[in-house]
>>> print(open('run13.txt').read())   # compact mmCIF, N, CA and C atoms
# COMPACT_ATOMS: atom_id res chain seq x y z
N MET A 2 -61.04 47.22 -80.41
CA MET A 2 -59.73 46.60 -80.49
C MET A 2 -59.82 45.20 -79.90
N ILE A 3 -59.06 44.29 -80.48
CA ILE A 3 -58.99 42.92 -79.99
C ILE A 3 -57.56 42.64 -79.54
N ILE A 4 -57.44 42.23 -78.30
CA ILE A 4 -56.16 41.82 -77.74
C ILE A 4 -56.03 40.33 -77.95
N LEU A 5 -54.94 39.92 -78.54
CA LEU A 5 -54.72 38.53 -78.91
C LEU A 5 -53.45 38.02 -78.24
N GLY A 6 -53.53 36.85 -77.60
CA GLY A 6 -52.36 36.30 -76.95
C GLY A 6 -52.42 34.79 -76.86
N CYS A 7 -51.24 34.18 -76.75
CA CYS A 7 -51.16 32.72 -76.64
C CYS A 7 -49.82 32.33 -76.01
N ASP A 8 -49.76 31.08 -75.58
CA ASP A 8 -48.48 30.47 -75.24
C ASP A 8 -48.18 29.44 -76.32
N HIS A 9 -47.16 28.61 -76.09
CA HIS A 9 -46.77 27.63 -77.10
C HIS A 9 -47.91 26.66 -77.44
N GLY A 10 -48.76 26.36 -76.47
CA GLY A 10 -49.85 25.41 -76.70
C GLY A 10 -50.93 25.93 -77.61
N GLY A 11 -50.93 27.23 -77.88
CA GLY A 11 -51.93 27.82 -78.75
C GLY A 11 -51.36 28.62 -79.89
N PHE A 12 -50.04 28.48 -80.11
CA PHE A 12 -49.37 29.33 -81.08
C PHE A 12 -49.93 29.20 -82.50
N LYS A 13 -50.10 27.98 -82.97
CA LYS A 13 -50.58 27.77 -84.35
C LYS A 13 -51.97 28.38 -84.53
N LEU A 14 -52.88 28.08 -83.63
CA LEU A 14 -54.25 28.60 -83.75
C LEU A 14 -54.28 30.12 -83.62
N LYS A 15 -53.49 30.68 -82.71
CA LYS A 15 -53.45 32.14 -82.56
C LYS A 15 -53.02 32.81 -83.86
N GLU A 16 -52.03 32.25 -84.51
CA GLU A 16 -51.58 32.83 -85.78
C GLU A 16 -52.67 32.75 -86.85
N GLN A 17 -53.42 31.66 -86.89
CA GLN A 17 -54.53 31.52 -87.83
C GLN A 17 -55.64 32.52 -87.51
N ILE A 18 -55.93 32.70 -86.22
CA ILE A 18 -56.94 33.67 -85.80
C ILE A 18 -56.49 35.08 -86.17
N LYS A 19 -55.23 35.38 -85.98
CA LYS A 19 -54.70 36.70 -86.32
C LYS A 19 -54.89 36.99 -87.82
N THR A 20 -54.59 36.01 -88.65
CA THR A 20 -54.78 36.17 -90.10
C THR A 20 -56.25 36.42 -90.41
N PHE A 21 -57.12 35.64 -89.81
CA PHE A 21 -58.57 35.79 -90.01
C PHE A 21 -59.04 37.19 -89.60
N LEU A 22 -58.67 37.63 -88.40
CA LEU A 22 -59.11 38.93 -87.91
C LEU A 22 -58.57 40.07 -88.76
N THR A 23 -57.34 39.94 -89.22
CA THR A 23 -56.76 40.96 -90.09
C THR A 23 -57.55 41.07 -91.39
N LYS A 24 -57.89 39.92 -91.98
CA LYS A 24 -58.69 39.93 -93.22
C LYS A 24 -60.08 40.51 -92.99
N GLU A 25 -60.59 40.37 -91.77
CA GLU A 25 -61.91 40.91 -91.42
C GLU A 25 -61.84 42.41 -91.13
N GLY A 26 -60.63 42.97 -91.09
CA GLY A 26 -60.45 44.40 -90.85
C GLY A 26 -60.48 44.81 -89.39
N GLU A 27 -60.31 43.85 -88.51
CA GLU A 27 -60.32 44.14 -87.07
C GLU A 27 -58.99 44.76 -86.64
N SER A 28 -59.07 45.64 -85.67
CA SER A 28 -57.87 46.23 -85.06
C SER A 28 -57.37 45.26 -83.99
N ILE A 29 -56.10 44.88 -84.09
CA ILE A 29 -55.53 43.84 -83.23
C ILE A 29 -54.31 44.36 -82.50
N VAL A 30 -54.20 43.98 -81.23
CA VAL A 30 -52.97 44.13 -80.48
C VAL A 30 -52.53 42.71 -80.13
N ASP A 31 -51.46 42.26 -80.73
CA ASP A 31 -50.93 40.91 -80.50
C ASP A 31 -49.84 41.03 -79.45
N VAL A 32 -50.06 40.39 -78.29
CA VAL A 32 -49.07 40.45 -77.21
C VAL A 32 -48.14 39.24 -77.21
N GLY A 33 -48.25 38.38 -78.21
CA GLY A 33 -47.40 37.20 -78.29
C GLY A 33 -48.17 35.95 -77.90
N ALA A 34 -47.52 34.89 -77.98
CA ALA A 34 -46.15 34.61 -78.37
C ALA A 34 -45.94 34.91 -79.86
N PHE A 35 -44.73 35.30 -80.17
CA PHE A 35 -44.40 35.63 -81.55
C PHE A 35 -43.62 34.53 -82.24
N LYS A 36 -43.24 33.52 -81.48
CA LYS A 36 -42.59 32.33 -82.04
C LYS A 36 -42.92 31.16 -81.13
N PHE A 37 -42.83 29.97 -81.66
CA PHE A 37 -43.10 28.78 -80.87
C PHE A 37 -41.93 28.53 -79.93
N ASP A 38 -42.22 28.47 -78.64
CA ASP A 38 -41.21 28.19 -77.61
C ASP A 38 -41.86 27.26 -76.60
N LYS A 39 -41.53 25.98 -76.67
CA LYS A 39 -42.21 25.00 -75.82
C LYS A 39 -41.98 25.23 -74.34
N GLU A 40 -41.06 26.13 -73.98
CA GLU A 40 -40.77 26.41 -72.57
C GLU A 40 -41.47 27.65 -72.04
N ASP A 41 -42.23 28.37 -72.89
CA ASP A 41 -42.88 29.57 -72.37
C ASP A 41 -44.04 29.21 -71.45
N ASP A 42 -44.48 30.18 -70.67
CA ASP A 42 -45.55 29.97 -69.69
C ASP A 42 -46.75 30.82 -70.04
N PHE A 43 -47.94 30.22 -69.95
CA PHE A 43 -49.16 30.96 -70.27
C PHE A 43 -49.32 32.18 -69.38
N SER A 44 -48.85 32.09 -68.14
CA SER A 44 -49.03 33.19 -67.18
C SER A 44 -48.41 34.50 -67.69
N LYS A 45 -47.28 34.40 -68.37
CA LYS A 45 -46.63 35.59 -68.94
C LYS A 45 -47.57 36.31 -69.90
N PHE A 46 -48.27 35.55 -70.72
CA PHE A 46 -49.14 36.14 -71.74
C PHE A 46 -50.46 36.62 -71.14
N VAL A 47 -50.92 35.96 -70.07
CA VAL A 47 -52.08 36.46 -69.34
C VAL A 47 -51.77 37.86 -68.81
N LEU A 48 -50.60 38.03 -68.21
CA LEU A 48 -50.22 39.33 -67.67
C LEU A 48 -50.11 40.39 -68.76
N LEU A 49 -49.59 40.01 -69.93
CA LEU A 49 -49.50 40.95 -71.04
C LEU A 49 -50.88 41.34 -71.56
N MET A 50 -51.80 40.38 -71.64
CA MET A 50 -53.16 40.69 -72.08
C MET A 50 -53.87 41.58 -71.07
N ARG A 51 -53.69 41.28 -69.78
CA ARG A 51 -54.30 42.11 -68.74
C ARG A 51 -53.73 43.52 -68.77
N SER A 52 -52.46 43.67 -69.03
CA SER A 52 -51.84 44.99 -69.11
C SER A 52 -52.41 45.78 -70.30
N ALA A 53 -52.53 45.13 -71.44
CA ALA A 53 -53.11 45.80 -72.62
C ALA A 53 -54.56 46.19 -72.34
N PHE A 54 -55.31 45.33 -71.67
CA PHE A 54 -56.71 45.61 -71.34
C PHE A 54 -56.80 46.81 -70.40
N SER A 55 -55.87 46.94 -69.47
CA SER A 55 -55.91 48.05 -68.51
C SER A 55 -55.77 49.41 -69.22
N LYS A 56 -55.20 49.41 -70.42
CA LYS A 56 -55.04 50.65 -71.20
C LYS A 56 -56.28 50.96 -72.02
N ASP A 57 -57.12 49.95 -72.27
CA ASP A 57 -58.36 50.14 -73.03
C ASP A 57 -59.34 49.04 -72.63
N ASN A 58 -60.11 49.32 -71.58
CA ASN A 58 -61.01 48.28 -71.07
C ASN A 58 -62.28 48.11 -71.89
N SER A 59 -62.35 48.76 -73.04
CA SER A 59 -63.43 48.48 -73.98
C SER A 59 -63.00 47.40 -74.98
N SER A 60 -61.76 46.97 -74.87
CA SER A 60 -61.23 45.93 -75.76
C SER A 60 -61.87 44.59 -75.49
N LYS A 61 -61.75 43.72 -76.47
CA LYS A 61 -62.11 42.32 -76.31
C LYS A 61 -60.81 41.52 -76.36
N ILE A 62 -60.81 40.36 -75.72
CA ILE A 62 -59.60 39.54 -75.64
C ILE A 62 -59.88 38.17 -76.22
N ILE A 63 -58.93 37.67 -77.00
CA ILE A 63 -58.95 36.28 -77.47
C ILE A 63 -57.63 35.67 -77.07
N ALA A 64 -57.71 34.63 -76.25
CA ALA A 64 -56.53 33.97 -75.70
C ALA A 64 -56.53 32.50 -76.13
N VAL A 65 -55.34 31.97 -76.39
CA VAL A 65 -55.24 30.57 -76.83
C VAL A 65 -54.10 29.88 -76.10
N CYS A 66 -54.40 28.71 -75.55
CA CYS A 66 -53.38 27.84 -74.99
C CYS A 66 -53.78 26.40 -75.35
N HIS A 67 -53.18 25.43 -74.74
CA HIS A 67 -53.47 24.04 -75.10
C HIS A 67 -54.93 23.68 -74.84
N SER A 68 -55.42 23.99 -73.64
CA SER A 68 -56.81 23.65 -73.29
C SER A 68 -57.73 24.86 -73.22
N GLY A 69 -57.16 26.06 -73.10
CA GLY A 69 -57.94 27.27 -72.91
C GLY A 69 -58.25 27.55 -71.44
N ILE A 70 -58.10 26.57 -70.61
CA ILE A 70 -58.49 26.70 -69.21
C ILE A 70 -57.54 27.61 -68.42
N GLY A 71 -56.25 27.43 -68.58
CA GLY A 71 -55.30 28.27 -67.86
C GLY A 71 -55.47 29.74 -68.20
N MET A 72 -55.62 30.03 -69.48
CA MET A 72 -55.83 31.41 -69.91
C MET A 72 -57.11 31.97 -69.30
N SER A 73 -58.17 31.19 -69.33
CA SER A 73 -59.45 31.63 -68.79
C SER A 73 -59.36 31.94 -67.30
N ILE A 74 -58.75 31.04 -66.56
CA ILE A 74 -58.58 31.26 -65.11
C ILE A 74 -57.77 32.53 -64.85
N GLY A 75 -56.65 32.67 -65.55
CA GLY A 75 -55.79 33.83 -65.35
C GLY A 75 -56.47 35.14 -65.71
N LEU A 76 -57.19 35.16 -66.81
CA LEU A 76 -57.86 36.40 -67.23
C LEU A 76 -58.99 36.76 -66.27
N ASN A 77 -59.70 35.76 -65.77
CA ASN A 77 -60.84 36.04 -64.88
C ASN A 77 -60.41 36.56 -63.51
N LYS A 78 -59.15 36.55 -63.22
CA LYS A 78 -58.66 37.07 -61.94
C LYS A 78 -58.46 38.59 -61.98
N TYR A 79 -58.73 39.21 -63.12
CA TYR A 79 -58.51 40.64 -63.27
C TYR A 79 -59.84 41.38 -63.31
N LYS A 80 -59.95 42.46 -62.55
CA LYS A 80 -61.18 43.25 -62.51
C LYS A 80 -61.55 43.72 -63.91
N GLY A 81 -62.80 43.48 -64.28
CA GLY A 81 -63.32 43.95 -65.55
C GLY A 81 -63.24 42.95 -66.68
N ILE A 82 -62.48 41.89 -66.50
CA ILE A 82 -62.39 40.85 -67.54
C ILE A 82 -63.32 39.71 -67.16
N ARG A 83 -64.17 39.34 -68.11
CA ARG A 83 -65.08 38.21 -67.94
C ARG A 83 -64.83 37.27 -69.12
N CYS A 84 -64.14 36.19 -68.85
CA CYS A 84 -63.68 35.27 -69.89
C CYS A 84 -64.44 33.95 -69.82
N ALA A 85 -64.84 33.46 -70.98
CA ALA A 85 -65.46 32.15 -71.09
C ALA A 85 -64.63 31.29 -72.04
N LEU A 86 -64.69 30.00 -71.81
CA LEU A 86 -64.03 29.05 -72.69
C LEU A 86 -64.82 28.96 -73.99
N GLY A 87 -64.14 29.16 -75.12
CA GLY A 87 -64.79 29.13 -76.42
C GLY A 87 -65.00 27.70 -76.90
N VAL A 88 -66.16 27.15 -76.59
CA VAL A 88 -66.44 25.76 -76.95
C VAL A 88 -67.30 25.68 -78.20
N ASN A 89 -68.37 26.49 -78.24
CA ASN A 89 -69.22 26.51 -79.43
C ASN A 89 -69.93 27.86 -79.53
N GLU A 90 -70.54 28.10 -80.68
CA GLU A 90 -71.18 29.39 -80.95
C GLU A 90 -72.30 29.70 -79.96
N GLU A 91 -73.15 28.71 -79.70
CA GLU A 91 -74.31 28.93 -78.84
C GLU A 91 -73.90 29.35 -77.44
N GLU A 92 -72.91 28.67 -76.86
CA GLU A 92 -72.49 29.03 -75.51
C GLU A 92 -71.86 30.42 -75.46
N ILE A 93 -71.10 30.77 -76.47
CA ILE A 93 -70.49 32.10 -76.50
C ILE A 93 -71.55 33.17 -76.71
N LYS A 94 -72.52 32.89 -77.54
CA LYS A 94 -73.62 33.84 -77.74
C LYS A 94 -74.35 34.07 -76.41
N LEU A 95 -74.68 33.00 -75.70
CA LEU A 95 -75.35 33.13 -74.40
C LEU A 95 -74.47 33.85 -73.39
N ALA A 96 -73.19 33.55 -73.41
CA ALA A 96 -72.26 34.20 -72.48
C ALA A 96 -72.16 35.70 -72.76
N ARG A 97 -72.23 36.10 -74.02
CA ARG A 97 -72.24 37.53 -74.37
C ARG A 97 -73.55 38.16 -73.90
N GLU A 98 -74.68 37.53 -74.21
CA GLU A 98 -75.99 38.09 -73.89
C GLU A 98 -76.22 38.18 -72.38
N HIS A 99 -75.96 37.11 -71.67
CA HIS A 99 -76.31 37.01 -70.26
C HIS A 99 -75.19 37.44 -69.32
N ASN A 100 -73.94 37.21 -69.70
CA ASN A 100 -72.82 37.46 -68.80
C ASN A 100 -71.88 38.55 -69.29
N ASP A 101 -72.19 39.14 -70.42
CA ASP A 101 -71.41 40.25 -70.98
C ASP A 101 -69.92 39.94 -71.00
N ILE A 102 -69.57 38.72 -71.46
CA ILE A 102 -68.15 38.38 -71.54
C ILE A 102 -67.45 39.31 -72.51
N ASN A 103 -66.20 39.60 -72.21
CA ASN A 103 -65.39 40.43 -73.11
C ASN A 103 -64.08 39.72 -73.48
N ALA A 104 -64.02 38.44 -73.13
CA ALA A 104 -62.84 37.64 -73.45
C ALA A 104 -63.26 36.19 -73.69
N ILE A 105 -62.58 35.56 -74.64
CA ILE A 105 -62.76 34.13 -74.84
C ILE A 105 -61.39 33.47 -74.86
N ALA A 106 -61.37 32.25 -74.38
CA ALA A 106 -60.15 31.45 -74.38
C ALA A 106 -60.42 30.18 -75.18
N PHE A 107 -59.51 29.87 -76.07
CA PHE A 107 -59.60 28.66 -76.88
C PHE A 107 -58.53 27.67 -76.46
N GLY A 108 -58.88 26.41 -76.55
CA GLY A 108 -57.92 25.33 -76.43
C GLY A 108 -57.58 24.83 -77.81
N GLU A 109 -56.32 24.97 -78.21
CA GLU A 109 -55.92 24.56 -79.55
C GLU A 109 -56.10 23.07 -79.77
N LYS A 110 -56.00 22.27 -78.71
CA LYS A 110 -56.04 20.82 -78.87
C LYS A 110 -57.36 20.32 -79.46
N ASP A 111 -58.43 21.04 -79.24
CA ASP A 111 -59.75 20.59 -79.71
C ASP A 111 -60.44 21.60 -80.62
N MET A 112 -59.70 22.53 -81.20
CA MET A 112 -60.33 23.61 -81.95
C MET A 112 -59.72 23.76 -83.34
N SER A 113 -60.57 23.68 -84.34
CA SER A 113 -60.13 23.97 -85.71
C SER A 113 -60.30 25.45 -85.97
N ILE A 114 -59.59 25.98 -86.93
CA ILE A 114 -59.75 27.39 -87.28
C ILE A 114 -61.15 27.63 -87.82
N ARG A 115 -61.69 26.69 -88.53
CA ARG A 115 -63.05 26.83 -89.08
C ARG A 115 -64.07 27.04 -87.95
N LYS A 116 -63.98 26.22 -86.92
CA LYS A 116 -64.89 26.34 -85.78
C LYS A 116 -64.59 27.62 -84.99
N ALA A 117 -63.32 27.94 -84.81
CA ALA A 117 -62.94 29.16 -84.08
C ALA A 117 -63.51 30.40 -84.76
N LYS A 118 -63.48 30.45 -86.08
CA LYS A 118 -64.02 31.61 -86.82
C LYS A 118 -65.50 31.81 -86.49
N LYS A 119 -66.26 30.74 -86.46
CA LYS A 119 -67.70 30.83 -86.15
C LYS A 119 -67.92 31.34 -84.73
N ILE A 120 -67.12 30.83 -83.81
CA ILE A 120 -67.24 31.26 -82.41
C ILE A 120 -66.84 32.73 -82.26
N ILE A 121 -65.78 33.12 -82.94
CA ILE A 121 -65.33 34.51 -82.88
C ILE A 121 -66.39 35.45 -83.46
N ARG A 122 -67.00 35.06 -84.56
CA ARG A 122 -68.07 35.90 -85.13
C ARG A 122 -69.21 36.06 -84.13
N ALA A 123 -69.60 34.97 -83.48
CA ALA A 123 -70.67 35.04 -82.47
C ALA A 123 -70.24 35.97 -81.33
N PHE A 124 -69.00 35.87 -80.91
CA PHE A 124 -68.44 36.70 -79.84
C PHE A 124 -68.48 38.18 -80.21
N LEU A 125 -68.07 38.51 -81.42
CA LEU A 125 -67.97 39.90 -81.84
C LEU A 125 -69.31 40.51 -82.25
N GLU A 126 -70.25 39.69 -82.71
CA GLU A 126 -71.51 40.21 -83.24
C GLU A 126 -72.66 40.20 -82.24
N THR A 127 -72.51 39.54 -81.11
CA THR A 127 -73.58 39.43 -80.13
C THR A 127 -73.44 40.52 -79.08
N GLU A 128 -74.54 41.16 -78.75
CA GLU A 128 -74.56 42.22 -77.74
C GLU A 128 -75.08 41.67 -76.42
N SER A 129 -74.67 42.31 -75.35
CA SER A 129 -75.16 41.97 -74.02
C SER A 129 -76.59 42.45 -73.86
N PHE A 130 -77.41 41.69 -73.13
CA PHE A 130 -78.78 42.09 -72.86
C PHE A 130 -78.85 43.26 -71.88
N GLY A 131 -77.88 43.38 -70.99
CA GLY A 131 -77.93 44.43 -69.98
C GLY A 131 -79.03 44.14 -68.96
N GLY A 132 -79.61 45.18 -68.40
CA GLY A 132 -80.73 45.03 -67.47
C GLY A 132 -80.41 44.13 -66.29
N LYS A 133 -81.30 43.17 -66.03
CA LYS A 133 -81.12 42.27 -64.89
C LYS A 133 -79.83 41.45 -65.03
N TYR A 134 -79.39 41.21 -66.26
CA TYR A 134 -78.16 40.45 -66.47
C TYR A 134 -76.93 41.27 -66.05
N LYS A 135 -76.96 42.56 -66.38
CA LYS A 135 -75.87 43.44 -65.95
C LYS A 135 -75.84 43.55 -64.43
N ARG A 136 -77.00 43.70 -63.80
CA ARG A 136 -77.08 43.80 -62.34
C ARG A 136 -76.46 42.56 -61.71
N ARG A 137 -76.75 41.41 -62.24
CA ARG A 137 -76.19 40.17 -61.69
C ARG A 137 -74.68 40.14 -61.81
N MET A 138 -74.16 40.55 -62.96
CA MET A 138 -72.71 40.55 -63.15
C MET A 138 -72.05 41.59 -62.24
N ASP A 139 -72.70 42.76 -62.07
CA ASP A 139 -72.16 43.79 -61.18
C ASP A 139 -72.07 43.27 -59.75
N GLU A 140 -73.03 42.46 -59.32
CA GLU A 140 -73.04 41.93 -57.96
C GLU A 140 -71.84 41.03 -57.66
N ILE A 141 -71.32 40.37 -58.68
CA ILE A 141 -70.22 39.44 -58.45
C ILE A 141 -68.88 39.97 -58.97
N GLU A 142 -68.85 41.21 -59.44
CA GLU A 142 -67.62 41.80 -59.99
C GLU A 142 -66.51 41.81 -58.96
N LEU A 143 -65.31 41.45 -59.37
CA LEU A 143 -64.14 41.53 -58.50
C LEU A 143 -63.90 42.98 -58.11
N LYS A 144 -63.52 43.21 -56.91
CA LYS A 144 -63.32 44.56 -56.40
C LYS A 144 -61.85 44.93 -56.25
N ASN A 145 -60.94 44.21 -56.91
CA ASN A 145 -59.51 44.51 -56.76
C ASN A 145 -59.06 45.62 -57.65
>>> encode(input="run13.txt", output="structure tokens")
Amino acid sequence: MIILGCDHGGFKLKEQIKTFLTKEGESIVDVGAFKFDKEDDFSKFVLLMRSAFSKDNSSKIIAVCHSGIGMSIGLNKYKGIRCALGVNEEEIKLAREHNDINAIAFGEKDMSIRKAKKIIRAFLETESFGGKYKRRMDEIELKN
């Protein structure tokens, strides 16, 4: 399952990603935003994504805001979520292999849907190496 969320700064891209994932046959839980509201706060949607994740921690998360940074910071404060900023395919592939990320955050301001699709494919198709990489991630896991 993929948990999808955004604030106003990522609304357009989130909707495009949702269409793409639906066509790909992915199971999606969309926590909003469901309409453009320039007054909404990213923190509300971080909490909704974290709540959905707590019900199924095998899920992956895709979050979108203006820069991707606020979503990434907020998601990384929750035990079990390891979020990286979705900048390019190579970095996301490495983050999956070495850091076992289960969430990506996009910044709509610098991301086209074409590029996002490539990054999402890398995110969904790349497996974690485990082993010494898992041990390293376990050592720094939040204990809350």
>>> closest_residue(input="run13.txt", among="A:Ala104, A:Val88, A:Met138, A:Cys7", to="A:Ser44", atoms="all atoms listed in the file")
A:Cys7
>>> select_by_dssp(input="run13.txt", residues="chain A", states="strand (DSSP E or B)", output="ChimeraX atom specification")
/A:3-7,29-31,61-66,84-86,104-108
>>> residues_around(input="run13.txt", residues="A:Asp8", least_positions_apart="3", cutoff="7 Å", atoms="only N, CA and C atoms", output="PyMOL selection string")
chain A and resi 11-12+33-34+37-38+41-43+46+64-67
>>> residues_around(input="run13.txt", residues="A:Glu142", least_positions_apart="4", cutoff="8 Å", atoms="all atoms listed in the file", output="list in words")
Tyr79, Lys80, Gly81, Arg137 and Met138 of chain A
>>> closest_residue(input="run13.txt", among="A:Lys61, A:Phe130, A:Gly71, A:Ile114", to="A:Gln17", atoms="only N, CA and C atoms")
A:Ile114
>>> closest_residue(input="run13.txt", among="A:Leu5, A:Ile120, A:Ala53, A:Leu76", to="A:Val30", atoms="all atoms listed in the file")
A:Leu5
>>> axis_aligned_box(input="run13.txt", around="stretch 28-46 of chain A", padding_each_side="8 Å", output="AutoDock Vina command-line options")
--center_x -49.9 --center_y 35.6 --center_z -76.4 --size_x 34.3 --size_y 37.2 --size_z 34.5
>>> closest_residue(input="run13.txt", among="A:Gly6, A:Asp111, A:Phe35, A:Thr127", to="A:Leu49", atoms="all atoms listed in the file")
A:Gly6
>>> closest_residue(input="run13.txt", among="A:Ser129, A:Thr20, A:Asn103, A:Asn77", to="A:Ile62", atoms="only N, CA and C atoms")
A:Asn103
>>> atom_distance(input="run13.txt", atom1="atom N of A:Glu91", atom2="atom C of A:Ala106")
13.6 Å
>>> atom_distance(input="run13.txt", atom1="atom N of A:Lys135", atom2="atom C of A:Glu92")
16.0 Å
>>> residues_near_point(input="run13.txt", point="(-56.8, 23.2, -74.6)", cutoff="6.5 Å", atoms="all atoms listed in the file", output="list in words")
Cys66, His67, Ser68, Gly69, Ile70, Phe107, Gly108, Glu109, Lys110 and Asp111 of chain A
>>> closest_residue(input="run13.txt", among="A:Ala96, A:Leu22, A:Met112, A:Met2", to="A:Phe54", atoms="only C-alpha atoms")
A:Met2
>>> atom_distance(input="run13.txt", atom1="atom CA of A:His99", atom2="atom CA of A:Lys78")
19.5 Å
>>> select_by_dssp(input="run13.txt", residues="chain A", states="alpha helix (DSSP H)", output="ChimeraX atom specification")
/A:12-24,43-56,70-77,90-100,114-126,133-141
